[in-house]
$ cat run.txt   # compact mmCIF, C-alpha atoms
# COMPACT_ATOMS: atom_id res chain seq x y z
CA MET A 1 -27.67 8.45 22.75
CA THR A 2 -28.53 6.01 19.94
CA THR A 3 -28.40 8.81 17.35
CA THR A 4 -24.97 9.88 18.61
CA ARG A 5 -23.67 6.34 18.38
CA ARG A 6 -24.95 6.00 14.84
CA ARG A 7 -23.22 9.22 13.85
CA LEU A 8 -19.95 8.12 15.44
CA GLY A 9 -20.18 4.76 13.69
CA GLY A 10 -21.44 6.06 10.36
CA PRO A 11 -19.93 7.60 7.23
CA ALA A 12 -18.44 10.56 9.13
CA ALA A 13 -16.42 8.24 11.35
CA GLY A 14 -15.57 6.13 8.30
CA LEU A 15 -14.16 9.16 6.54
CA LEU A 16 -12.02 10.00 9.58
CA TYR A 17 -10.68 6.45 9.68
CA ALA A 18 -9.96 6.55 5.93
CA VAL A 19 -8.15 9.88 6.19
CA GLY A 20 -6.19 8.52 9.15
CA ALA A 21 -5.15 5.40 7.26
CA TYR A 22 -4.18 7.11 4.01
CA ALA A 23 -2.47 10.00 5.82
CA LEU A 24 -0.34 7.58 7.84
CA TRP A 25 0.60 5.74 4.65
CA GLY A 26 1.29 9.11 3.00
CA PHE A 27 3.77 10.14 5.67
CA LEU A 28 5.56 6.77 5.77
CA PRO A 29 8.56 8.13 3.81
CA LEU A 30 9.33 10.59 6.61
CA TYR A 31 9.18 7.81 9.21
CA PHE A 32 11.45 5.51 7.23
CA LEU A 33 13.95 8.32 6.67
CA LEU A 34 14.28 8.54 10.46
CA LEU A 35 15.57 4.95 10.43
CA SER A 36 18.72 5.94 8.50
CA PRO A 37 21.50 4.76 8.43
CA ALA A 38 19.68 1.41 8.42
CA GLY A 39 19.45 0.17 4.84
CA PRO A 40 16.27 -0.90 3.02
CA PHE A 41 16.86 -4.63 3.49
CA GLU A 42 17.42 -4.34 7.23
CA VAL A 43 14.39 -2.08 7.63
CA VAL A 44 12.08 -4.44 5.70
CA ALA A 45 13.31 -7.41 7.74
CA PHE A 46 12.53 -5.60 11.00
CA ARG A 47 9.20 -4.46 9.58
CA VAL A 48 8.23 -8.07 8.89
CA LEU A 49 9.32 -9.39 12.29
CA CYS A 50 7.92 -6.48 14.33
CA SER A 51 4.63 -6.57 12.43
CA LEU A 52 4.23 -10.26 13.24
CA VAL A 53 4.94 -9.65 16.93
CA PHE A 54 2.51 -6.72 17.08
CA CYS A 55 -0.20 -8.69 15.27
CA ALA A 56 0.29 -11.62 17.66
CA ILE A 57 -0.16 -9.23 20.60
CA LEU A 58 -3.35 -7.82 19.03
CA VAL A 59 -4.72 -11.32 18.42
CA ALA A 60 -3.95 -12.29 22.04
CA VAL A 61 -5.53 -9.13 23.48
CA THR A 62 -8.68 -9.41 21.34
CA ARG A 63 -8.81 -13.21 21.76
CA THR A 64 -9.38 -13.82 18.07
CA TRP A 65 -7.36 -17.05 17.83
CA ARG A 66 -10.41 -18.70 16.27
CA ARG A 67 -9.91 -16.64 13.10
CA LEU A 68 -6.37 -17.99 12.78
CA ARG A 69 -7.62 -21.56 13.15
CA VAL A 70 -10.23 -20.99 10.44
CA VAL A 71 -7.50 -19.94 7.99
CA LEU A 72 -5.28 -22.88 9.00
CA ARG A 73 -8.11 -25.26 8.09
CA SER A 74 -8.18 -23.86 4.53
CA PRO A 75 -4.95 -24.71 2.64
CA ARG A 76 -6.12 -22.74 -0.41
CA THR A 77 -6.64 -19.57 1.63
CA LEU A 78 -3.32 -20.10 3.40
CA LEU A 79 -1.47 -20.44 0.09
CA LEU A 80 -3.20 -17.38 -1.34
CA ILE A 81 -2.19 -15.41 1.75
CA GLY A 82 1.38 -16.65 1.21
CA LEU A 83 1.30 -15.36 -2.37
CA GLY A 84 -0.11 -12.06 -1.11
CA GLY A 85 2.70 -11.95 1.44
CA LEU A 86 5.34 -12.30 -1.28
CA LEU A 87 3.76 -9.49 -3.30
CA LEU A 88 3.53 -7.36 -0.16
CA TYR A 89 7.20 -8.06 0.57
CA ALA A 90 8.15 -6.99 -2.96
CA ASN A 91 6.10 -3.81 -2.52
CA TRP A 92 7.67 -3.00 0.85
CA GLN A 93 11.18 -3.72 -0.39
CA VAL A 94 10.93 -1.59 -3.52
CA PHE A 95 9.24 1.21 -1.55
CA LEU A 96 12.10 1.23 1.00
CA ILE A 97 14.69 1.23 -1.79
CA ALA A 98 12.92 4.26 -3.26
CA VAL A 99 12.58 6.17 0.00
CA LEU A 100 16.05 5.50 1.41
CA GLY A 101 17.55 5.97 -2.06
CA GLY A 102 16.14 9.50 -2.37
CA ASP A 103 13.42 8.65 -4.89
CA VAL A 104 10.18 9.33 -2.99
CA LEU A 105 8.59 10.85 -6.11
CA GLN A 106 8.86 7.57 -8.02
CA GLY A 107 7.20 5.87 -5.08
CA ALA A 108 4.36 8.39 -5.24
CA LEU A 109 4.10 7.84 -9.00
CA GLY A 110 3.72 4.11 -8.43
CA TYR A 111 0.74 4.61 -6.16
CA PHE A 112 -0.76 7.19 -8.51
CA ILE A 113 -0.80 4.71 -11.40
CA ASN A 114 -1.81 1.74 -9.23
CA PRO A 115 -5.60 2.11 -9.88
CA ILE A 116 -4.97 2.12 -13.64
CA VAL A 117 -2.65 -0.90 -13.40
CA THR A 118 -5.34 -2.66 -11.35
CA VAL A 119 -7.86 -2.10 -14.15
CA LEU A 120 -5.34 -3.44 -16.70
CA LEU A 121 -4.60 -6.53 -14.59
CA GLY A 122 -8.32 -7.18 -14.28
CA VAL A 123 -8.68 -7.07 -18.06
CA ILE A 124 -5.68 -9.34 -18.70
CA LEU A 125 -5.95 -11.85 -15.84
CA LEU A 126 -9.64 -11.83 -14.90
CA ARG A 127 -11.05 -11.29 -18.41
CA GLU A 128 -12.96 -8.25 -17.22
CA ARG A 129 -14.32 -5.88 -19.86
CA ALA A 130 -12.89 -2.38 -19.66
CA ARG A 131 -15.20 0.51 -20.47
CA PRO A 132 -14.12 3.01 -23.17
CA ALA A 133 -13.14 5.62 -20.57
CA GLN A 134 -10.96 3.06 -18.80
CA TRP A 135 -9.14 2.30 -22.06
CA ILE A 136 -8.62 6.04 -22.53
CA ALA A 137 -7.13 6.25 -19.02
CA ILE A 138 -4.84 3.29 -19.77
CA GLY A 139 -3.72 4.94 -23.04
CA ILE A 140 -2.99 8.26 -21.34
CA SER A 141 -1.01 6.40 -18.66
CA ALA A 142 1.05 4.62 -21.33
CA ALA A 143 1.85 8.02 -22.86
CA ALA A 144 2.79 9.27 -19.38
CA VAL A 145 5.23 6.39 -18.90
CA ALA A 146 6.80 7.15 -22.29
CA VAL A 147 7.30 10.80 -21.28
CA LEU A 148 8.71 9.74 -17.90
CA VAL A 149 11.18 7.41 -19.61
CA VAL A 150 12.58 10.54 -21.26
CA GLY A 151 12.41 12.51 -18.01
CA TYR A 152 14.17 9.85 -15.93
CA GLY A 153 16.54 8.79 -18.69
CA GLY A 154 15.28 5.21 -18.34
CA VAL A 155 12.25 3.12 -17.40
CA PRO A 156 10.79 4.27 -14.03
CA TRP A 157 11.09 0.72 -12.73
CA ILE A 158 10.44 1.66 -9.10
CA ALA A 159 7.04 3.16 -9.93
CA LEU A 160 6.09 0.25 -12.20
CA ALA A 161 7.24 -2.36 -9.68
CA LEU A 162 5.23 -0.70 -6.91
CA ALA A 163 2.11 -0.46 -9.05
CA LEU A 164 2.37 -4.06 -10.31
CA SER A 165 3.15 -5.59 -6.91
CA PHE A 166 0.38 -3.69 -5.18
CA GLY A 167 -2.04 -4.37 -8.01
CA GLY A 168 -1.22 -8.08 -7.77
CA TYR A 169 -1.69 -7.92 -4.01
CA GLY A 170 -5.14 -6.42 -4.57
CA LEU A 171 -6.03 -9.26 -6.95
CA VAL A 172 -5.00 -11.84 -4.34
CA LYS A 173 -7.10 -10.04 -1.74
CA LYS A 174 -10.02 -10.16 -4.16
CA ARG A 175 -9.57 -13.93 -4.53
CA ILE A 176 -9.54 -14.35 -0.77
CA GLY A 177 -12.63 -12.17 -0.39
CA GLY A 178 -13.88 -10.73 2.88
CA THR A 179 -13.37 -13.93 4.87
CA VAL A 180 -10.00 -12.84 6.31
CA ASP A 181 -9.82 -9.64 8.36
CA ALA A 182 -6.88 -7.21 8.16
CA ILE A 183 -5.00 -8.34 11.29
CA THR A 184 -5.44 -12.07 10.60
CA GLY A 185 -4.29 -11.54 7.03
CA LEU A 186 -1.25 -9.50 8.04
CA THR A 187 -0.39 -12.05 10.75
CA PHE A 188 -0.18 -14.89 8.23
CA GLU A 189 1.42 -12.74 5.53
CA THR A 190 4.26 -11.72 7.83
CA ALA A 191 4.54 -15.27 9.20
CA TRP A 192 5.16 -16.51 5.63
CA LEU A 193 7.87 -13.85 5.26
CA VAL A 194 9.82 -14.65 8.46
CA PRO A 195 12.36 -16.93 6.68
CA ILE A 196 13.08 -14.18 4.13
CA ALA A 197 13.47 -11.60 6.91
CA VAL A 198 15.88 -13.84 8.84
CA VAL A 199 18.00 -14.47 5.73
CA GLU A 200 18.06 -10.72 5.03
CA LEU A 201 19.28 -9.94 8.54
CA VAL A 202 21.99 -12.60 8.29
CA VAL A 203 23.20 -11.24 4.94
CA VAL A 204 23.13 -7.64 6.19
CA GLY A 205 24.98 -8.68 9.37
CA VAL A 206 27.71 -10.43 7.38
CA THR A 207 28.11 -7.66 4.79
CA THR A 208 27.39 -4.12 5.99
CA GLY A 209 26.49 -4.87 9.60
CA ILE A 210 23.17 -4.47 11.44
CA SER A 211 22.55 -0.92 12.64
CA PHE A 212 19.75 -1.77 15.10
CA SER A 213 21.83 -1.58 18.28
CA ALA A 214 24.56 0.73 17.00
CA HIS A 215 22.84 4.13 17.01
CA GLY A 216 21.32 4.57 20.43
CA PRO A 217 18.01 3.65 22.09
CA ALA A 218 15.92 6.18 20.13
CA HIS A 219 16.90 4.59 16.82
CA ALA A 220 16.25 1.11 18.22
CA ILE A 221 12.78 2.14 19.44
CA LEU A 222 11.95 3.58 16.02
CA MET A 223 13.01 0.32 14.37
CA LEU A 224 10.87 -1.73 16.77
CA SER A 225 7.92 0.62 16.19
CA SER A 226 7.74 -0.45 12.54
CA GLY A 227 5.23 -3.13 13.49
CA ILE A 228 2.86 -0.56 14.99
CA VAL A 229 3.39 1.80 12.04
CA THR A 230 2.49 -1.04 9.68
CA ALA A 231 -0.57 -2.40 11.51
CA LEU A 232 -2.18 0.83 12.75
CA PRO A 233 -3.24 2.20 9.33
CA LEU A 234 -4.51 -1.28 8.43
CA LEU A 235 -6.81 -1.15 11.46
CA PHE A 236 -8.00 2.32 10.43
CA PHE A 237 -8.53 1.07 6.87
CA ALA A 238 -10.58 -1.91 8.06
CA ALA A 239 -12.73 0.38 10.22
CA ALA A 240 -13.24 2.75 7.28
CA ALA A 241 -14.16 -0.10 4.93
CA ARG A 242 -16.99 -1.14 7.26
CA ARG A 243 -18.48 2.36 7.30
CA LEU A 244 -17.86 3.86 3.84
CA SER A 245 -19.07 2.97 0.40
CA LEU A 246 -16.33 1.48 -1.76
CA VAL A 247 -16.51 4.50 -4.05
CA ALA A 248 -15.77 6.89 -1.18
CA LEU A 249 -13.06 4.59 0.14
CA GLY A 250 -11.46 4.29 -3.29
CA LEU A 251 -11.49 8.02 -3.97
CA SER A 252 -9.85 8.77 -0.63
CA GLN A 253 -6.90 6.52 -1.53
CA TYR A 254 -5.40 9.33 -3.64
CA LEU A 255 -4.49 11.12 -0.41
CA THR A 256 -1.52 8.79 0.07
CA PRO A 257 0.40 9.51 -3.18
CA VAL A 258 -0.51 13.21 -2.96
CA LEU A 259 1.15 13.43 0.47
CA GLN A 260 4.14 11.43 -0.77
CA PHE A 261 4.44 13.70 -3.80
CA LEU A 262 4.35 16.83 -1.62
CA THR A 263 6.91 15.26 0.71
CA GLY A 264 9.28 14.61 -2.19
CA VAL A 265 8.88 18.05 -3.78
CA LEU A 266 8.47 20.40 -0.79
CA LEU A 267 10.36 18.68 2.04
CA LEU A 268 13.02 16.58 0.32
CA HIS A 269 13.45 18.92 -2.68
CA GLU A 270 13.71 16.16 -5.27
CA ARG A 271 14.24 17.31 -8.84
CA MET A 272 11.16 17.80 -11.02
CA PRO A 273 12.28 18.83 -14.52
CA LEU A 274 9.68 19.71 -17.14
CA GLU A 275 9.47 16.16 -18.55
CA ARG A 276 8.53 14.76 -15.15
CA TRP A 277 5.90 17.45 -14.60
CA ILE A 278 4.39 16.54 -17.96
CA GLY A 279 4.49 12.82 -17.12
CA PHE A 280 2.91 13.30 -13.69
CA GLY A 281 0.35 15.64 -15.27
CA LEU A 282 -0.68 12.98 -17.78
CA VAL A 283 -1.05 10.46 -14.96
CA TRP A 284 -3.31 12.89 -13.08
CA VAL A 285 -5.43 13.39 -16.21
CA ALA A 286 -5.74 9.61 -16.56
CA LEU A 287 -6.80 9.35 -12.91
CA LEU A 288 -9.38 12.07 -13.43
CA VAL A 289 -10.84 10.20 -16.42
CA LEU A 290 -10.88 6.94 -14.45
CA THR A 291 -12.45 8.57 -11.39
CA VAL A 292 -15.23 10.28 -13.34
CA ASP A 293 -15.97 7.02 -15.15
CA VAL A 294 -16.15 5.05 -11.89
CA VAL A 295 -18.40 7.62 -10.19
CA ILE A 296 -20.80 7.63 -13.18
CA ALA A 297 -20.83 3.82 -13.22
CA ALA A 298 -21.47 3.74 -9.48
CA ARG A 299 -24.49 6.01 -9.82
CA ARG A 300 -25.90 3.79 -12.54
CA ARG A 301 -25.35 0.52 -10.71
CA GLY A 302 -25.93 1.59 -7.13
CA PRO A 303 -23.71 1.27 -4.04
CA ALA A 304 -22.07 -1.99 -5.11
CA SER A 305 -19.69 -0.29 -7.55
CA SER A 306 -16.26 0.71 -6.42
CA VAL A 307 -12.98 2.33 -7.23
CA SER A 308 -10.12 -0.13 -7.02
CA SER A 309 -8.63 0.12 -3.58
CA SER A 310 -6.77 -2.20 -1.32
CA GLU A 311 -4.63 -2.24 1.75
CA PRO A 312 -1.31 -0.49 0.92
CA ARG A 313 2.14 -0.37 1.89
$ encode --input "run.txt" --output "structure tokens"
Amino acid sequence: MTTTRRRLGGPAAGLLYAVGAYALWGFLPLYFLLLSPAGPFEVVAFRVLCSLVFCAILVAVTRTWRRLRVVLRSPRTLLLIGLGGLLLYANWQVFLIAVLGGDVLQGALGYFINPIVTVLLGVILLRERARPAQWIAIGISAAAVAVLVVGYGGVPWIALALALSFGGYGLVKKRIGGTVDAITGLTFETAWLVPIAVVELVVVGVTTGISFSAHGPAHAILMLSSGIVTALPLLFFAAAARRLSLVALGLSQYLTPVLQFLTGVLLLHERMPLERWIGFGLVWVALLVLTVDVVIAARRRGPASSVSSSEPR
């Protein structure tokens, strides 16, 4: 019995939780497309409000109010969570603009280059020393962006905004440390964003009109489910983080942009001219260089090393 429990709670279970989390995040574009004709600003507003409600229910059911009080007694942590909330909002908003605007591939590109942007932000903001292989990966990524500028006929701002906002969110999470669990963090992050969500709904109502109650009960239920869709992969991610090494957790994060890329190419039939294939190919080469470097470093240093990973989308 004890052996069985250990197996269920060990790395095998952690891998299942990780795959569950990253797969759910990978298929998010398909879910958000079901919310059409709701626009990206209305969807993000409902995502914020419904996530807060769902988190409040989870906190009440699990009776973890004490964790909320601990955060409230730390103004610094509360302000950092607020900053993380703003970066998360920017990430959600840009991602919804990409998905509902028919640009899922740029969204996937943003999450592909996120680990490399995270390394670059660490070098610039945290004065971390990048290893030679990491500089090579950054250089290859810069070349990839240059090729993609040609392929897209302009700067792929959606991909860069997603990578920068999510990279910044990861840095904030690093500052907070492991003192705030996923649900407590998301509860306060969404609470900070409620005023923005309310303003968005008012503006949408005055301009294009709110679609929530105009397209039948099924559409309304899908809109209200955005809180569950947001929090569930976070719970899986938290469970995986407790059971997996950070290297394994970081490597599994590539499942999300791979699924988004396949969704854009195979299901939504987005255009992929030669220049974009070359740009994406360069990004994948850079990720391969970065991954090999991190794995080698992890073997040298022991289990404390990690691939940059954080809670997405």
$ residues_around --input "run.txt" --residues "Leu52 in chain A" --least-positions-apart "2" --cutoff "7 Å" --atoms "all atoms listed in the file" --output "ChimeraX atom specification"
/A:48-50,54-56,187,190-191
$ write_last_selection --input "run.txt" --atoms "C-alpha atoms" --output "short mmCIF file (atom, residue, chain, number, x, y, z; two decimals), in the frame of the given file"
data_model
loop_
_atom_site.label_atom_id
_atom_site.label_comp_id
_atom_site.auth_asym_id
_atom_site.auth_seq_id
_atom_site.Cartn_x
_atom_site.Cartn_y
_atom_site.Cartn_z
CA VAL A 48 8.23 -8.07 8.89
CA LEU A 49 9.32 -9.39 12.29
CA CYS A 50 7.92 -6.48 14.33
CA PHE A 54 2.51 -6.72 17.08
CA CYS A 55 -0.20 -8.69 15.27
CA ALA A 56 0.29 -11.62 17.66
CA THR A 187 -0.39 -12.05 10.75
CA THR A 190 4.26 -11.72 7.83
CA ALA A 191 4.54 -15.27 9.20
#
$ atom_distance --input "run.txt" --atom1 "CA of Leu222 in chain A" --atom2 "CA of Gly185 in chain A"
23.9 Å
$ atom_distance --input "run.txt" --atom1 "CA of Val61 in chain A" --atom2 "CA of Gly227 in chain A"
15.9 Å
$ closest_residue --input "run.txt" --among "A:Leu288, A:Leu58, A:Ile296, A:Ala182" --to "Ala241 in chain A" --atoms "all atoms listed in the file"
A:Ala182
$ atom_distance --input "run.txt" --atom1 "CA of Gly177 in chain A" --atom2 "CA of Ile81 in chain A"
11.1 Å
$ residues_around --input "run.txt" --residues "range 289-294 of chain A" --least-positions-apart "4" --cutoff "10 Å" --atoms "only C-alpha atoms" --output "compact mmCIF listing (two decimals) with C-alpha atoms, in the coordinates of the input"
# COMPACT_ATOMS: atom_id res chain seq x y z
CA PRO A 115 -5.60 2.11 -9.88
CA ILE A 116 -4.97 2.12 -13.64
CA VAL A 119 -7.86 -2.10 -14.15
CA ARG A 131 -15.20 0.51 -20.47
CA PRO A 132 -14.12 3.01 -23.17
CA ALA A 133 -13.14 5.62 -20.57
CA GLN A 134 -10.96 3.06 -18.80
CA TRP A 135 -9.14 2.30 -22.06
CA ILE A 136 -8.62 6.04 -22.53
CA ALA A 137 -7.13 6.25 -19.02
CA ILE A 138 -4.84 3.29 -19.77
CA ILE A 140 -2.99 8.26 -21.34
CA VAL A 247 -16.51 4.50 -4.05
CA GLY A 250 -11.46 4.29 -3.29
CA LEU A 251 -11.49 8.02 -3.97
CA VAL A 283 -1.05 10.46 -14.96
CA TRP A 284 -3.31 12.89 -13.08
CA VAL A 285 -5.43 13.39 -16.21
CA ALA A 298 -21.47 3.74 -9.48
CA ARG A 299 -24.49 6.01 -9.82
CA ARG A 300 -25.90 3.79 -12.54
CA SER A 305 -19.69 -0.29 -7.55
CA SER A 306 -16.26 0.71 -6.42
CA VAL A 307 -12.98 2.33 -7.23
CA SER A 308 -10.12 -0.13 -7.02
$ residues_around --input "run.txt" --residues "Ala98 in chain A" --least-positions-apart "6" --cutoff "10 Å" --atoms "only C-alpha atoms" --output "count of residues only"
11
$ closest_residue --input "run.txt" --among "A:Ala214, A:Pro75, A:Arg243, A:Thr118" --to "Lys174 in chain A" --atoms "all atoms listed in the file"
A:Thr118
$ closest_atom_pairs --input "run.txt" --of "range 81-158 of chain A" --to "range 30-39 of chain A" --cutoff "8 Å" --atoms "all atoms listed in the file" --output "Markdown table"
| residue | atom | partner | partner_atom | distance |
| --- | --- | --- | --- | --- |
| A:Leu96 | CA | A:Phe32 | CA | 7.6 |
| A:Val99 | CA | A:Leu33 | CA | 7.1 |
| A:Leu100 | CA | A:Leu33 | CA | 6.3 |
$ residues_near_point --input "run.txt" --point "(-14.1, -0.8, 7.6)" --cutoff "12 Å" --atoms "all atoms listed in the file" --output "PyMOL selection string"
chain A and resi 9-11+13-18+21+178+181-182+233-246+248-249+310-311
$ closest_residue --input "run.txt" --among "A:Leu120, A:Val59, A:Val147, A:Ala45" --to "Arg276 in chain A" --atoms "all atoms listed in the file"
A:Val147
$ residues_around --input "run.txt" --residues "Ala161 in chain A" --least-positions-apart "3" --cutoff "9 Å" --atoms "all atoms listed in the file" --output "PDB file with C-alpha atoms, in the coordinates of the input"
ATOM      1  CA  ALA A  90       8.150  -6.990  -2.960  1.00  0.00           C
ATOM      2  CA  ASN A  91       6.100  -3.810  -2.520  1.00  0.00           C
ATOM      3  CA  VAL A  94      10.930  -1.590  -3.520  1.00  0.00           C
ATOM      4  CA  GLY A 110       3.720   4.110  -8.430  1.00  0.00           C
ATOM      5  CA  PRO A 156      10.790   4.270 -14.030  1.00  0.00           C
ATOM      6  CA  TRP A 157      11.090   0.720 -12.730  1.00  0.00           C
ATOM      7  CA  ILE A 158      10.440   1.660  -9.100  1.00  0.00           C
ATOM      8  CA  LEU A 164       2.370  -4.060 -10.310  1.00  0.00           C
ATOM      9  CA  SER A 165       3.150  -5.590  -6.910  1.00  0.00           C
ATOM     10  CA  PHE A 166       0.380  -3.690  -5.180  1.00  0.00           C
TER      11      PHE A 166
END
$ build_atoms --input "run.txt" --residues "range 108-133 of chain A" --atoms "N, CA and C atoms" --output "mmCIF file, in the frame of the given file"
data_model
loop_
_atom_site.group_PDB
_atom_site.id
_atom_site.type_symbol
_atom_site.label_atom_id
_atom_site.label_comp_id
_atom_site.auth_asym_id
_atom_site.auth_seq_id
_atom_site.Cartn_x
_atom_site.Cartn_y
_atom_site.Cartn_z
ATOM 1 N N ALA A 108 5.671 7.759 -5.106
ATOM 2 C CA ALA A 108 4.360 8.390 -5.240
ATOM 3 C C ALA A 108 3.750 8.098 -6.606
ATOM 4 N N LEU A 109 4.580 8.137 -7.646
ATOM 5 C CA LEU A 109 4.100 7.840 -9.000
ATOM 6 C C LEU A 109 3.531 6.429 -9.077
ATOM 7 N N GLY A 110 4.201 5.484 -8.422
ATOM 8 C CA GLY A 110 3.720 4.110 -8.430
ATOM 9 C C GLY A 110 2.323 3.983 -7.858
ATOM 10 N N TYR A 111 2.057 4.704 -6.775
ATOM 11 C CA TYR A 111 0.740 4.610 -6.160
ATOM 12 C C TYR A 111 -0.294 5.464 -6.898
ATOM 13 N N PHE A 112 0.171 6.458 -7.644
ATOM 14 C CA PHE A 112 -0.760 7.190 -8.510
ATOM 15 C C PHE A 112 -1.281 6.291 -9.637
ATOM 16 N N ILE A 113 -0.382 5.516 -10.246
ATOM 17 C CA ILE A 113 -0.800 4.710 -11.400
ATOM 18 C C ILE A 113 -1.363 3.356 -10.988
ATOM 19 N N ASN A 114 -1.315 3.035 -9.681
ATOM 20 C CA ASN A 114 -1.810 1.740 -9.230
ATOM 21 C C ASN A 114 -3.266 1.460 -9.631
ATOM 22 N N PRO A 115 -4.215 2.424 -9.477
ATOM 23 C CA PRO A 115 -5.600 2.110 -9.880
ATOM 24 C C PRO A 115 -5.713 1.749 -11.364
ATOM 25 N N ILE A 116 -4.912 2.394 -12.207
ATOM 26 C CA ILE A 116 -4.970 2.120 -13.640
ATOM 27 C C ILE A 116 -4.355 0.752 -13.935
ATOM 28 N N VAL A 117 -3.252 0.426 -13.245
ATOM 29 C CA VAL A 117 -2.650 -0.900 -13.400
ATOM 30 C C VAL A 117 -3.617 -1.975 -12.926
ATOM 31 N N THR A 118 -4.369 -1.698 -11.862
ATOM 32 C CA THR A 118 -5.340 -2.660 -11.350
ATOM 33 C C THR A 118 -6.409 -2.959 -12.399
ATOM 34 N N VAL A 119 -6.881 -1.904 -13.072
ATOM 35 C CA VAL A 119 -7.860 -2.100 -14.150
ATOM 36 C C VAL A 119 -7.256 -2.976 -15.254
ATOM 37 N N LEU A 120 -6.001 -2.689 -15.632
ATOM 38 C CA LEU A 120 -5.340 -3.440 -16.700
ATOM 39 C C LEU A 120 -5.147 -4.907 -16.306
ATOM 40 N N LEU A 121 -4.760 -5.154 -15.055
ATOM 41 C CA LEU A 121 -4.600 -6.530 -14.590
ATOM 42 C C LEU A 121 -5.932 -7.272 -14.592
ATOM 43 N N GLY A 122 -6.999 -6.565 -14.235
ATOM 44 C CA GLY A 122 -8.320 -7.180 -14.280
ATOM 45 C C GLY A 122 -8.715 -7.591 -15.676
ATOM 46 N N VAL A 123 -8.373 -6.757 -16.659
ATOM 47 C CA VAL A 123 -8.680 -7.070 -18.060
ATOM 48 C C VAL A 123 -7.872 -8.266 -18.533
ATOM 49 N N ILE A 124 -6.576 -8.294 -18.194
ATOM 50 C CA ILE A 124 -5.680 -9.340 -18.700
ATOM 51 C C ILE A 124 -5.879 -10.666 -17.969
ATOM 52 N N LEU A 125 -5.944 -10.612 -16.635
ATOM 53 C CA LEU A 125 -5.950 -11.850 -15.840
ATOM 54 C C LEU A 125 -7.355 -12.346 -15.498
ATOM 55 N N LEU A 126 -8.286 -11.434 -15.311
ATOM 56 C CA LEU A 126 -9.640 -11.830 -14.900
ATOM 57 C C LEU A 126 -10.649 -11.752 -16.039
ATOM 58 N N ARG A 127 -10.184 -11.399 -17.236
ATOM 59 C CA ARG A 127 -11.050 -11.290 -18.410
ATOM 60 C C ARG A 127 -12.194 -10.302 -18.205
ATOM 61 N N GLU A 128 -11.939 -9.280 -17.407
ATOM 62 C CA GLU A 128 -12.960 -8.250 -17.220
ATOM 63 C C GLU A 128 -12.996 -7.338 -18.429
ATOM 64 N N ARG A 129 -14.175 -6.793 -18.718
ATOM 65 C CA ARG A 129 -14.320 -5.880 -19.860
ATOM 66 C C ARG A 129 -14.113 -4.447 -19.390
ATOM 67 N N ALA A 130 -13.148 -3.782 -20.002
ATOM 68 C CA ALA A 130 -12.890 -2.380 -19.660
ATOM 69 C C ALA A 130 -13.832 -1.478 -20.452
ATOM 70 N N ARG A 131 -14.357 -0.466 -19.784
ATOM 71 C CA ARG A 131 -15.200 0.510 -20.470
ATOM 72 C C ARG A 131 -14.328 1.439 -21.300
ATOM 73 N N PRO A 132 -14.909 2.123 -22.299
ATOM 74 C CA PRO A 132 -14.120 3.010 -23.170
ATOM 75 C C PRO A 132 -13.286 4.030 -22.379
ATOM 76 N N ALA A 133 -13.880 4.629 -21.354
ATOM 77 C CA ALA A 133 -13.140 5.620 -20.570
ATOM 78 C C ALA A 133 -11.943 4.996 -19.871
#
